[in-house]
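Chemist: Contents of final.txt (compact mmCIF, C-alpha atoms):
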# COMPACT_ATOMS: atom_id res chain seq x y z
CA MET A 183 0.00 0.00 0.00
CA PRO A 184 2.75 2.54 0.81
CA GLU A 185 4.45 1.72 -2.50
CA LYS A 186 1.18 2.47 -4.37
CA LYS A 187 0.87 5.85 -2.65
CA LYS A 188 4.47 6.66 -3.63
CA ASP A 189 3.74 5.74 -7.23
CA LEU A 190 0.63 7.97 -7.26
CA ALA A 191 2.54 10.82 -5.73
CA LYS A 192 5.34 10.31 -8.22
CA GLY A 193 2.87 10.25 -11.13
CA HIS A 194 1.22 13.47 -9.93
CA THR A 195 4.49 15.44 -9.74
CA ALA A 196 6.53 13.69 -12.44
CA PHE A 197 5.77 16.27 -15.17
CA TRP A 198 7.26 19.22 -13.26
CA ASN A 199 10.09 17.24 -11.71
CA ASP A 200 11.23 15.73 -15.01
CA PRO A 201 14.20 17.81 -16.29
CA GLU A 202 13.62 16.79 -19.90
CA LYS A 203 10.00 17.97 -19.91
CA ARG A 204 10.90 21.22 -18.17
CA SER A 205 13.65 21.92 -20.66
CA MET A 206 11.25 21.20 -23.52
CA ILE A 207 8.77 23.74 -22.17
CA TYR A 208 11.51 26.35 -21.79
CA GLN A 209 12.66 25.73 -25.35
CA ILE A 210 9.12 26.07 -26.70
CA ILE A 211 8.66 29.34 -24.80
CA MET A 212 11.98 30.66 -26.15
CA LEU A 213 11.09 29.57 -29.70
CA VAL A 214 7.73 31.35 -29.52
CA PHE A 215 9.45 34.46 -28.17
CA LEU A 216 11.99 34.44 -31.01
CA VAL A 217 9.26 33.97 -33.62
CA ILE A 218 7.31 36.91 -32.19
CA CYS A 219 10.46 39.06 -32.22
CA GLY A 220 11.23 38.03 -35.80
CA VAL A 221 7.70 38.80 -36.99
CA TYR A 222 7.81 42.19 -35.26
CA ILE A 223 11.19 43.09 -36.79
CA VAL A 224 10.12 42.06 -40.30
CA SER A 225 6.76 43.88 -40.12
CA ASN A 226 8.37 47.00 -38.66
CA THR A 227 11.04 46.99 -41.37
CA LEU A 228 8.47 46.59 -44.16
CA HIS A 229 6.36 49.39 -42.67
CA ASN A 230 9.35 51.76 -42.48
CA LEU A 231 10.42 50.94 -46.03
CA ASP A 232 6.90 51.47 -47.33
CA SER A 233 6.52 54.80 -45.51
CA ARG A 234 9.74 56.02 -47.16
CA GLY A 235 8.75 54.80 -50.59
CA ILE A 236 11.56 52.24 -50.83
CA LYS A 237 10.71 49.22 -52.96
CA THR A 238 11.58 45.75 -51.75
CA GLY A 239 12.28 42.61 -53.72
CA PHE A 240 14.92 41.24 -56.04
CA ASP A 241 13.76 42.81 -59.31
CA PHE A 242 16.85 45.05 -59.28
CA LEU A 243 19.01 42.02 -60.10
CA TRP A 244 17.80 42.20 -63.73
CA SER A 245 18.52 45.91 -64.14
CA GLU A 246 21.57 47.16 -66.07
CA ALA A 247 24.57 47.70 -63.79
CA GLY A 248 26.28 50.47 -65.76
CA PHE A 249 29.70 50.21 -64.09
CA GLY A 250 32.87 48.37 -64.98
CA ILE A 251 34.86 45.78 -63.01
CA ASN A 252 38.62 45.47 -63.52
CA GLN A 253 38.73 41.69 -62.98
CA SER A 254 36.12 39.17 -64.08
CA LEU A 255 36.42 35.43 -64.55
CA ILE A 256 33.28 35.44 -66.68
CA GLU A 257 32.21 37.71 -69.52
CA TYR A 258 31.14 41.10 -68.16
CA ASP A 259 30.71 44.72 -69.26
CA GLU A 260 28.65 47.74 -68.22
CA SER A 261 25.56 46.46 -70.04
CA HIS A 262 25.23 43.38 -67.85
CA SER A 263 22.79 43.22 -64.93
CA TYR A 264 23.32 43.62 -61.21
CA GLY A 265 22.76 39.90 -60.87
CA HIS A 266 25.79 39.41 -63.10
CA THR A 267 27.89 41.58 -60.80
CA PHE A 268 26.93 39.25 -57.95
CA PHE A 269 28.45 36.27 -59.74
CA VAL A 270 31.53 38.27 -60.77
CA GLY A 271 32.18 39.24 -57.14
CA LEU A 272 31.41 35.73 -55.91
CA LEU A 273 33.90 34.10 -58.30
CA ASN A 274 36.57 36.66 -57.43
CA THR A 275 36.06 35.92 -53.72
CA ILE A 276 36.25 32.16 -54.27
CA LEU A 277 39.38 32.59 -56.42
CA VAL A 278 41.43 34.54 -53.88
CA ALA A 279 40.15 32.43 -50.96
CA SER A 280 40.88 29.05 -52.57
CA ILE A 281 44.38 29.99 -53.75
CA GLY A 282 45.06 31.63 -50.39
CA ILE A 283 44.06 28.47 -48.51
CA ILE A 284 46.45 26.35 -50.61
CA ILE A 285 49.40 28.73 -50.21
CA ALA A 286 48.79 29.32 -46.50
CA THR A 287 48.52 25.58 -45.82
CA VAL A 288 51.77 24.70 -47.61
CA LEU A 289 53.66 27.66 -46.13
CA GLY A 290 52.24 27.08 -42.67
CA PHE A 291 53.22 23.40 -42.61
CA ILE A 292 56.75 24.18 -43.77
CA ILE A 293 57.26 26.93 -41.19
CA GLY A 294 55.61 24.91 -38.41
CA VAL A 295 57.96 21.97 -38.98
CA ALA A 296 60.93 24.31 -39.45
CA ARG A 297 60.35 25.89 -36.04
CA LEU A 298 61.00 22.48 -34.47
CA SER A 299 64.20 22.03 -36.49
CA ASN A 300 67.46 21.17 -34.73
CA ASN A 301 69.11 23.90 -36.80
CA TRP A 302 69.20 26.99 -34.56
CA LEU A 303 69.08 29.49 -37.44
CA ILE A 304 66.11 27.86 -39.22
CA ALA A 305 64.16 27.53 -35.96
CA LYS A 306 64.75 31.20 -35.03
CA ILE A 307 63.86 32.50 -38.49
CA SER A 308 60.60 30.53 -38.33
CA ALA A 309 59.86 31.89 -34.85
CA VAL A 310 60.49 35.47 -35.99
CA TYR A 311 58.19 34.96 -38.99
CA ILE A 312 55.38 33.64 -36.81
CA GLU A 313 55.64 36.26 -34.09
CA THR A 314 55.94 39.08 -36.62
CA PHE A 315 53.13 38.36 -39.06
CA ARG A 316 50.51 37.06 -36.65
CA ASN A 317 50.85 40.14 -34.42
CA ILE A 318 50.42 42.75 -37.16
CA PRO A 319 46.78 43.50 -38.11
CA LEU A 320 45.79 41.95 -41.41
CA LEU A 321 44.54 45.25 -42.83
CA LEU A 322 47.96 46.85 -42.28
CA GLN A 323 49.61 43.91 -44.03
CA ILE A 324 47.28 44.36 -47.00
CA PHE A 325 48.24 48.05 -47.14
CA PHE A 326 51.92 47.11 -46.88
CA TRP A 327 51.87 44.71 -49.81
CA TYR A 328 49.77 47.07 -51.92
CA PHE A 329 51.18 50.54 -51.18
CA ALA A 330 54.76 49.69 -50.12
CA VAL A 331 55.59 46.74 -52.37
CA LEU A 332 53.44 46.68 -55.52
CA ARG A 333 52.54 50.32 -56.15
CA PRO A 334 56.21 51.52 -56.21
CA LEU A 335 57.04 49.00 -58.97
CA PRO A 336 58.21 50.51 -62.27
CA ARG A 337 55.84 51.52 -65.05
CA PRO A 338 55.06 49.08 -67.89
CA LYS A 339 57.89 50.40 -70.10
CA GLN A 340 60.41 49.62 -67.35
CA SER A 341 58.83 46.31 -66.34
CA ILE A 342 60.76 43.61 -64.52
CA GLU A 343 61.07 40.83 -67.13
CA LEU A 344 61.61 37.11 -66.69
CA PHE A 345 62.44 34.94 -69.71
CA ASP A 346 60.80 37.61 -71.91
CA VAL A 347 57.37 36.12 -71.13
CA PHE A 348 56.63 37.35 -67.58
CA PHE A 349 56.38 41.08 -66.93
CA LEU A 350 55.90 42.68 -63.50
CA ASN A 351 55.03 46.37 -63.12
CA ASN A 352 52.70 48.67 -61.19
CA ARG A 353 49.82 47.58 -63.42
CA GLY A 354 50.18 43.96 -62.30
CA LEU A 355 51.79 40.73 -63.46
CA SER A 356 51.42 39.86 -67.15
CA ILE A 357 51.77 36.17 -68.01
CA PRO A 358 51.14 34.12 -71.17
CA SER A 359 47.66 32.70 -71.67
CA PRO A 360 46.99 29.36 -73.39
CA ASN A 361 44.86 29.11 -76.53
CA LEU A 362 43.52 25.57 -76.79
CA ALA A 363 43.62 24.01 -80.26
CA GLU A 364 42.04 20.89 -81.73
CA GLY A 365 43.24 17.73 -80.02
CA PHE A 366 43.52 19.16 -76.51
CA GLY A 367 40.63 16.93 -75.44
CA TRP A 368 42.99 13.96 -75.71
CA VAL A 369 45.31 15.63 -73.20
CA LEU A 370 42.43 16.07 -70.76
CA LEU A 371 41.45 12.45 -71.29
CA ALA A 372 45.03 11.36 -70.58
CA PHE A 373 45.05 13.41 -67.37
CA ALA A 374 41.77 11.83 -66.23
CA LEU A 375 43.19 8.40 -67.03
CA SER A 376 46.32 9.21 -65.01
CA LEU A 377 44.16 9.99 -61.96
CA PHE A 378 42.54 6.56 -62.15
CA VAL A 379 45.96 4.94 -62.55
CA VAL A 380 47.29 6.82 -59.52
CA LEU A 381 44.26 5.76 -57.48
CA GLY A 382 44.84 2.13 -58.42
CA VAL A 383 48.57 2.31 -57.64
CA THR A 384 47.83 3.96 -54.28
CA ARG A 385 45.45 1.18 -53.25
CA TRP A 386 47.92 -1.47 -54.42
CA ALA A 387 50.76 0.18 -52.48
CA LYS A 388 48.65 0.37 -49.31
CA ASN A 389 47.64 -3.30 -49.53
CA ARG A 390 51.25 -4.24 -50.26
CA GLN A 391 52.50 -2.35 -47.23
CA ASP A 392 49.82 -3.85 -44.98
CA THR A 393 50.73 -7.35 -46.18
CA THR A 394 54.53 -7.23 -46.46
CA GLY A 395 55.47 -4.10 -44.51
CA LYS A 396 57.41 -2.76 -47.50
CA SER A 397 56.85 0.88 -48.44
CA PHE A 398 56.44 2.15 -51.98
CA PRO A 399 57.44 5.62 -53.30
CA ILE A 400 53.84 6.47 -54.10
CA VAL A 401 54.29 10.27 -54.15
CA SER A 402 57.09 10.33 -56.72
CA ILE A 403 55.48 7.62 -58.84
CA SER A 404 52.14 9.44 -58.78
CA LEU A 405 53.76 12.71 -59.89
CA VAL A 406 55.52 10.93 -62.75
CA ILE A 407 52.23 9.34 -63.90
CA MET A 408 50.14 12.52 -63.54
CA LEU A 409 52.69 14.67 -65.37
CA GLY A 410 54.21 12.16 -67.74
CA LEU A 411 51.07 10.66 -69.32
CA PRO A 412 49.44 14.02 -70.22
CA ALA A 413 52.80 15.38 -71.42
CA LEU A 414 53.38 12.36 -73.65
CA THR A 415 49.87 12.70 -75.07
CA TYR A 416 50.45 16.42 -75.59
CA PHE A 417 53.43 15.80 -77.87
CA ILE A 418 51.83 12.85 -79.65
CA VAL A 419 48.79 14.87 -80.75
CA GLY A 420 50.97 17.73 -81.98
CA SER A 421 51.17 20.24 -79.09
CA PRO A 422 47.55 21.50 -79.22
CA ILE A 423 48.24 24.67 -77.20
CA ASP A 424 49.30 28.07 -78.53
CA TRP A 425 50.61 30.59 -76.03
CA ASP A 426 49.55 34.22 -76.23
CA VAL A 427 52.61 36.09 -74.89
CA PRO A 428 51.99 39.63 -73.53
CA ALA A 429 53.50 42.44 -75.62
CA LEU A 430 53.97 46.12 -74.81
CA ARG A 431 51.60 48.17 -76.94
CA GLY A 432 51.29 51.83 -76.11
CA PHE A 433 51.31 52.42 -72.37
CA ASN A 434 50.50 48.88 -71.24
CA TYR A 435 50.91 45.19 -72.09
CA ARG A 436 48.33 43.57 -74.33
CA GLY A 437 47.57 39.89 -74.68
CA GLY A 438 48.09 37.12 -72.17
CA ILE A 439 46.68 37.33 -68.67
CA THR A 440 47.17 40.29 -66.37
CA VAL A 441 47.01 39.62 -62.65
CA ILE A 442 46.01 42.94 -61.12
CA PRO A 443 48.08 44.29 -58.15
CA GLU A 444 45.01 44.36 -55.90
CA PHE A 445 44.67 40.60 -56.27
CA LEU A 446 48.38 40.01 -55.63
CA ALA A 447 48.41 42.24 -52.52
CA LEU A 448 45.34 40.60 -51.03
CA LEU A 449 46.56 37.08 -51.82
CA LEU A 450 50.01 37.70 -50.30
CA ALA A 451 48.58 39.29 -47.16
CA LEU A 452 45.99 36.57 -46.57
CA SER A 453 48.47 33.75 -47.22
CA VAL A 454 51.33 35.13 -45.14
CA TYR A 455 49.07 36.15 -42.24
CA THR A 456 47.12 32.87 -42.06
CA ALA A 457 50.27 30.77 -42.54
CA ALA A 458 51.66 32.17 -39.27
CA PHE A 459 48.67 30.79 -37.35
CA ILE A 460 48.73 27.49 -39.23
CA ALA A 461 52.43 27.12 -38.38
CA GLU A 462 51.65 27.33 -34.67
CA ILE A 463 48.83 24.81 -35.08
CA VAL A 464 51.20 22.40 -36.84
CA ARG A 465 53.88 22.90 -34.19
CA SER A 466 51.44 22.24 -31.35
CA GLY A 467 50.08 19.18 -33.16
CA ILE A 468 53.55 17.69 -33.54
CA LEU A 469 54.46 18.42 -29.92
CA SER A 470 51.25 16.70 -28.77
CA ILE A 471 52.63 13.35 -29.96
CA ASN A 472 54.37 11.36 -27.27
CA LYS A 473 58.15 11.61 -27.44
CA GLY A 474 58.32 7.83 -27.33
CA GLN A 475 56.98 7.72 -30.88
CA SER A 476 60.04 9.61 -32.12
CA GLU A 477 62.44 7.49 -30.07
CA ALA A 478 60.84 4.30 -31.38
CA SER A 479 61.11 5.58 -34.95
CA PHE A 480 64.82 6.36 -34.55
CA ALA A 481 65.33 2.96 -32.93
CA LEU A 482 63.86 1.35 -36.05
CA GLY A 483 66.37 3.24 -38.19
CA LEU A 484 63.99 5.80 -39.69
CA SER A 485 65.47 9.13 -40.72
CA ARG A 486 63.95 12.34 -39.36
CA PRO A 487 62.05 13.15 -42.63
CA LYS A 488 60.60 9.63 -42.79
CA MET A 489 59.77 9.73 -39.10
CA LEU A 490 57.79 12.94 -39.61
CA LYS A 491 56.10 11.67 -42.77
CA LEU A 492 55.19 8.15 -41.64
CA VAL A 493 54.78 8.40 -37.87
CA ILE A 494 54.43 11.89 -36.41
CA ILE A 495 52.44 13.90 -38.99
CA PRO A 496 49.72 11.24 -39.52
CA GLN A 497 49.06 11.17 -35.77
CA ALA A 498 49.35 14.93 -35.39
CA MET A 499 46.74 15.55 -38.09
CA ARG A 500 44.04 14.47 -35.65
CA VAL A 501 45.04 17.41 -33.46
CA ILE A 502 45.73 19.82 -36.33
CA ILE A 503 42.51 19.49 -38.36
CA PRO A 504 39.96 21.11 -35.96
CA PRO A 505 41.85 24.41 -35.43
CA LEU A 506 42.98 24.35 -39.06
CA THR A 507 39.32 24.47 -40.06
CA SER A 508 38.89 27.69 -38.11
CA GLN A 509 41.82 29.27 -39.95
CA TYR A 510 40.32 28.36 -43.31
CA LEU A 511 37.05 29.97 -42.27
CA ASN A 512 38.90 33.07 -41.07
CA LEU A 513 40.74 33.37 -44.37
CA VAL A 514 37.51 33.26 -46.36
CA LYS A 515 35.89 35.89 -44.16
CA ASN A 516 39.03 38.06 -44.04
CA SER A 517 38.99 38.25 -47.84
CA SER A 518 36.18 40.81 -47.42
CA LEU A 519 38.92 43.32 -46.48
CA ALA A 520 39.60 43.47 -50.23
CA THR A 521 37.38 46.52 -50.44
CA ALA A 522 40.12 48.53 -48.67
CA ILE A 523 42.37 48.37 -51.75
CA GLY A 524 39.69 48.07 -54.44
CA TYR A 525 39.89 44.38 -55.28
CA PRO A 526 36.50 43.50 -56.86
CA ASP A 527 35.36 40.81 -54.45
CA LEU A 528 31.76 40.19 -53.41
CA VAL A 529 31.75 42.86 -50.69
CA SER A 530 33.34 45.53 -52.88
CA VAL A 531 31.32 44.88 -56.05
CA PHE A 532 27.95 43.73 -54.75
CA ALA A 533 27.67 44.94 -51.14
CA GLY A 534 29.45 48.14 -52.14
CA THR A 535 28.81 49.55 -55.62
CA THR A 536 25.61 47.63 -56.32
CA LEU A 537 24.12 48.56 -52.95
CA ASN A 538 24.98 52.24 -53.40
CA GLN A 539 23.40 52.38 -56.85
CA THR A 540 20.24 50.41 -56.09
CA GLY A 541 19.59 51.24 -52.45
CA GLN A 542 18.38 47.67 -51.86
CA ALA A 543 20.38 47.32 -48.65
CA ILE A 544 18.40 44.49 -47.05
CA GLU A 545 18.40 42.26 -50.13
CA VAL A 546 22.05 42.91 -50.99
CA ILE A 547 23.35 42.38 -47.46
CA ALA A 548 21.17 39.28 -47.03
CA MET A 549 22.58 37.73 -50.22
CA THR A 550 26.14 38.61 -49.21
CA MET A 551 25.69 37.10 -45.75
CA ALA A 552 24.15 33.98 -47.27
CA VAL A 553 27.20 33.54 -49.52
CA TYR A 554 29.71 33.70 -46.66
CA LEU A 555 27.52 31.41 -44.55
CA THR A 556 27.31 28.87 -47.38
CA LEU A 557 31.06 28.95 -48.06
CA SER A 558 31.82 28.52 -44.36
CA LEU A 559 29.40 25.61 -44.01
CA LEU A 560 30.84 23.87 -47.06
CA ILE A 561 34.38 24.20 -45.71
CA SER A 562 33.26 22.95 -42.30
CA LEU A 563 31.44 19.96 -43.80
CA PHE A 564 34.47 18.96 -45.86
CA MET A 565 36.93 19.35 -42.97
CA ASN A 566 34.64 17.48 -40.57
CA TRP A 567 34.33 14.66 -43.10
CA TYR A 568 38.11 14.50 -43.44
CA ASN A 569 38.55 14.67 -39.67
CA LYS A 570 36.23 11.69 -39.18
CA ARG A 571 38.02 9.78 -41.91
CA ILE A 572 41.42 10.04 -40.22
CA ALA A 573 40.10 9.64 -36.68
CA LEU A 574 41.12 6.60 -34.67
CA VAL A 575 38.40 3.95 -34.47
CA GLU A 576 38.32 2.18 -31.12
CA ARG A 577 37.63 -1.51 -31.04
Please express the file's structure as structure tokens.
Modeler:
Amino acid sequence: MPEKKKDLAKGHTAFWNDPEKRSMIYQIIMLVFLVICGVYIVSNTLHNLDSRGIKTGFDFLWSEAGFGINQSLIEYDESHSYGHTFFVGLLNTILVASIGIIIATVLGFIIGVARLSNNWLIAKISAVYIETFRNIPLLLQIFFWYFAVLRPLPRPKQSIELFDVFFLNNRGLSIPSPNLAEGFGWVLLAFALSLFVVLGVTRWAKNRQDTTGKSFPIVSISLVIMLGLPALTYFIVGSPIDWDVPALRGFNYRGGITVIPEFLALLLALSVYTAAFIAEIVRSGILSINKGQSEASFALGLSRPKMLKLVIIPQAMRVIIPPLTSQYLNLVKNSSLATAIGYPDLVSVFAGTTLNQTGQAIEVIAMTMAVYLTLSLLISLFMNWYNKRIALVER
């Protein structure tokens, strides 16, 4: 009988004493509050816009832009629409961010490993690099590369030449551009085939090492296959590429590809700045590995480069990847500082010029925010997938 009374009492008070149910009620109340706030903000904004005679909507994206952009990866001129400027700025942002991530990663890994070098000079130079560039604001570094390094370069007529095909001046870097001729499709097919061959060789080498313990120079062999097969095909089909070499005509170089100084300054600043943080992440990841791993590797007769490549770095990557993801996200978002030197990224072209001309602030800013959110989520998804792939699986 007493047990029955306890059960009844417990059933009567269980709803309020259950932490899960209480937390659910609190979450529902908070959700309702946020929805009410959101509805109020949206209705108030629409009312204010209507009272001032400001139109809302995305119809402006089909209107003629009427302004030029000094770098575009797709066809563009003043007659194109504002929607076209969005894609021009988006591609320019992706271009500088993707190349910056690659350069910063390579440079950061080299400097991070170099700081742990037994050579006193190399270790100190790496330490000075890290402490210098990560403690100077990124915006100042962008100004340094643009105003102190690239702008003082000579004029086109006094360009710095390299092999008579590369020309560097205050208008940018002029390089040859390829003109693809008939038969180049075979070269692309050969390159695709080389990727499949490399994948097969990699799997074979891994199975061979798991079975026999013998390593295989997969990196060098893969490079030979990926470069050699397309190159051989290129010469067999009759060199189906013509190079358009820049030539000085009037006051500037014509032909080829011109990399504008704004792009170079932004790329250098982002890469050098982010590489300093990546170097510290790599250093901390390596130091997190037990010293016994290194001693065991040396006892087995492994050289220091092989020890780093085969033993230390693979284990350290599990520590390096999470903070490395944050640096990639920071680099993408920091590319918005391009507007300070006039590089036509998404913020400068779309959230800047387009917004000023159309007055559609809410729509333009919302689209710009959505782009950076999407890019960040895609990077996070890829890095999380890679992190899970290399994670240790407990038995």
Chemist: Closest to Thr556 (chain A) among A:Ala296, A:Val514, A:Ile285, A:Ala309, using only C-alpha atoms?
Modeler: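 Answer, going by the shortest atom-to-atom distance: A:Val514.
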Chemist: Quick one: residues within 6 Å of region 266-281 of chain A, only C-alpha atoms, excluding same-chain residues fewer than 5 positions away - as a PyMOL selection string?
Modeler: chain A and resi 254+514+527-528+531-532
Chemist: Excluding Ser453 (chain A) and residues on its chain fewer than 3 positions from it, collect all residues at most 9 Å away from it, counting all atoms listed in the file, and give them as a PyMOL selection string.
Modeler: chain A and resi 281-287+289-290+448-450+456-458+513
Chemist: When you look at region 351-355 of chain A with a cut-off of 10 Å (counting only C-alpha atoms), what residues show up, excluding the ones that are within fewer than 3 positions of it in the same chain? I need them as a list in words.
Modeler: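 Those residues are Tyr328, Val331, Leu332, Arg333, Pro334, Leu335, Pro336, Arg337, Pro338, Lys339, Gln340, Ser341, Ile342, Glu343, Phe348, Asn434, Tyr435, Ile439, Thr440, Val441, Ile442, Pro443, Glu444, Phe445 and Leu446 of chain A.
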Chemist: What is the distance, in Å and to one decimal place, between CA of Ser245 (chain A) and CA of Tyr264 (chain A)?
Modeler: 6.1 Å
Chemist: Have a look at CA of Tyr510 (chain A) and CA of Tyr455 (chain A) and let me know their distance in Å, one decimal.
Modeler: 11.8 Å
Chemist: Near Val529 (chain A), counting only C-alpha atoms, which residues have an atom at most 8 Å away, once you skip same-chain residues fewer than 4 positions from it, shown as a short mmCIF file (atom, residue, chain, number, x, y, z; two decimals) with C-alpha atoms, in the coordinates of the input?
Modeler:
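Saved result, around26.cif, follows:
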data_model
loop_
_atom_site.label_atom_id
_atom_site.label_comp_id
_atom_site.auth_asym_id
_atom_site.auth_seq_id
_atom_site.Cartn_x
_atom_site.Cartn_y
_atom_site.Cartn_z
CA GLY A 271 32.18 39.24 -57.14
CA SER A 518 36.18 40.81 -47.42
CA ALA A 520 39.60 43.47 -50.23
CA THR A 521 37.38 46.52 -50.44
CA ALA A 533 27.67 44.94 -51.14
CA GLY A 534 29.45 48.14 -52.14
CA THR A 550 26.14 38.61 -49.21
#
Chemist: Identify, on the basis of all atoms listed in the file, every residue whose closest approach to Leu414 (chain A) does not exceed 12 Å; exclude the query and any residue fewer than 6 positions from it along the same chain; express the result as a PDB file with C-alpha atoms, in the frame of the given file.
Modeler:
ATOM      1  CA  TRP A 368      42.990  13.960 -75.710  1.00  0.00           C
ATOM      2  CA  VAL A 369      45.310  15.630 -73.200  1.00  0.00           C
ATOM      3  CA  LEU A 370      42.430  16.070 -70.760  1.00  0.00           C
ATOM      4  CA  ALA A 372      45.030  11.360 -70.580  1.00  0.00           C
ATOM      5  CA  PHE A 373      45.050  13.410 -67.370  1.00  0.00           C
ATOM      6  CA  SER A 376      46.320   9.210 -65.010  1.00  0.00           C
ATOM      7  CA  VAL A 406      55.520  10.930 -62.750  1.00  0.00           C
ATOM      8  CA  ILE A 407      52.230   9.340 -63.900  1.00  0.00           C
ATOM      9  CA  MET A 408      50.140  12.520 -63.540  1.00  0.00           C
ATOM     10  CA  GLY A 420      50.970  17.730 -81.980  1.00  0.00           C
ATOM     11  CA  SER A 421      51.170  20.240 -79.090  1.00  0.00           C
TER      12      SER A 421
END
Chemist: Nearest residue to Ile423 (chain A) out of A:Ser359, A:Ser402, A:Gln475, A:Gln391, using all atoms listed in the file?
Modeler: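 Closest to Ile423 (chain A) of all the choices is A:Ser359.
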Chemist: State, in Å with one decimal place, the distance from CA of Asp241 (chain A) to CA of Ala552 (chain A).
Modeler: 18.2 Å
Chemist: With distances taken over only C-alpha atoms, which residue among A:Phe325, A:Tyr258, A:Phe240, A:Phe291 lies nearest Leu490 (chain A)?
Modeler: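 Of all the options, A:Phe291 lies closest to Leu490 (chain A).
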Chemist: Out of A:Ala573, A:Leu511, A:Ile218, A:Met212, which residue has the shortest atom-to-atom distance to Leu452 (chain A) when counting all atoms listed in the file?
Modeler: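 When distances to Leu452 (chain A) are compared using all atoms listed in the file, the smallest one comes from A:Leu511.
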Chemist: Have a look at A:Pro526, A:Pro504, A:Gly438, A:Gly474 and name the one nearest to Trp567 (chain A); count all atoms listed in the file.
Modeler: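 Among the listed residues, A:Pro504 lies closest to Trp567 (chain A).
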